[in-house]
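Here is the structure we will look at.
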Amino acid sequence: MKNLTNDPAPAMLGVEIRMPISAPLLAILACPLCKADVKLTADEKGLKCISCHRVYPIKDDIPVMIIDEASVEPGRAVKT
């Protein structure tokens with residue numbers, strides 16, 4: 001396949017885009033405190049509850065869904 005850009009790197013097909021949390025897992029996760037849905041933060045380093053605004057950290061690609069580990073961050077952006 002011919003590389004159509006000026007980038008000297010070869011064209012890459014079939015490269016998987018890695019997300020820290022898979023979409024099926026994200027669909028079933030809920031805030032352990034208020035049971036509302038959680039969304040991936042914009043920086044992909046946490047899961048934010050849409051109701052109580054707690055952000056649960058993601059460590060080594062594993063969501064830490066422990067209330068005492070969460071921080072309340074109402075202004076933190078989430079991915080849409």
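Residue names in the structure tokens use chain letters A, B, ... in the order shown, residue numbers from 1 in each chain, and ligand numbers from 1 in the order shown.
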
- prompt: Could you pull the residues within 10 Å of A:Cys52, counting only C-alpha atoms, minus those fewer than 2 positions along the same chain, as a PyMOL selection string?
  reply: chain A and resi 31+33-36+38+48-50+54-55+72-74

message: Need the shell around A:Val78: protein/DNA/RNA residues with any atom at most 10 Å away, counting only C-alpha atoms. Skip same-chain ones fewer than 2 positions apart. Format as number ranges by chain?
response: A: 38-44, 46-50, 75-76, 80

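The gap separating atom CA of A:Ile21 from atom CA of A:Asp61 is 6.9 Å, in Å to one decimal.
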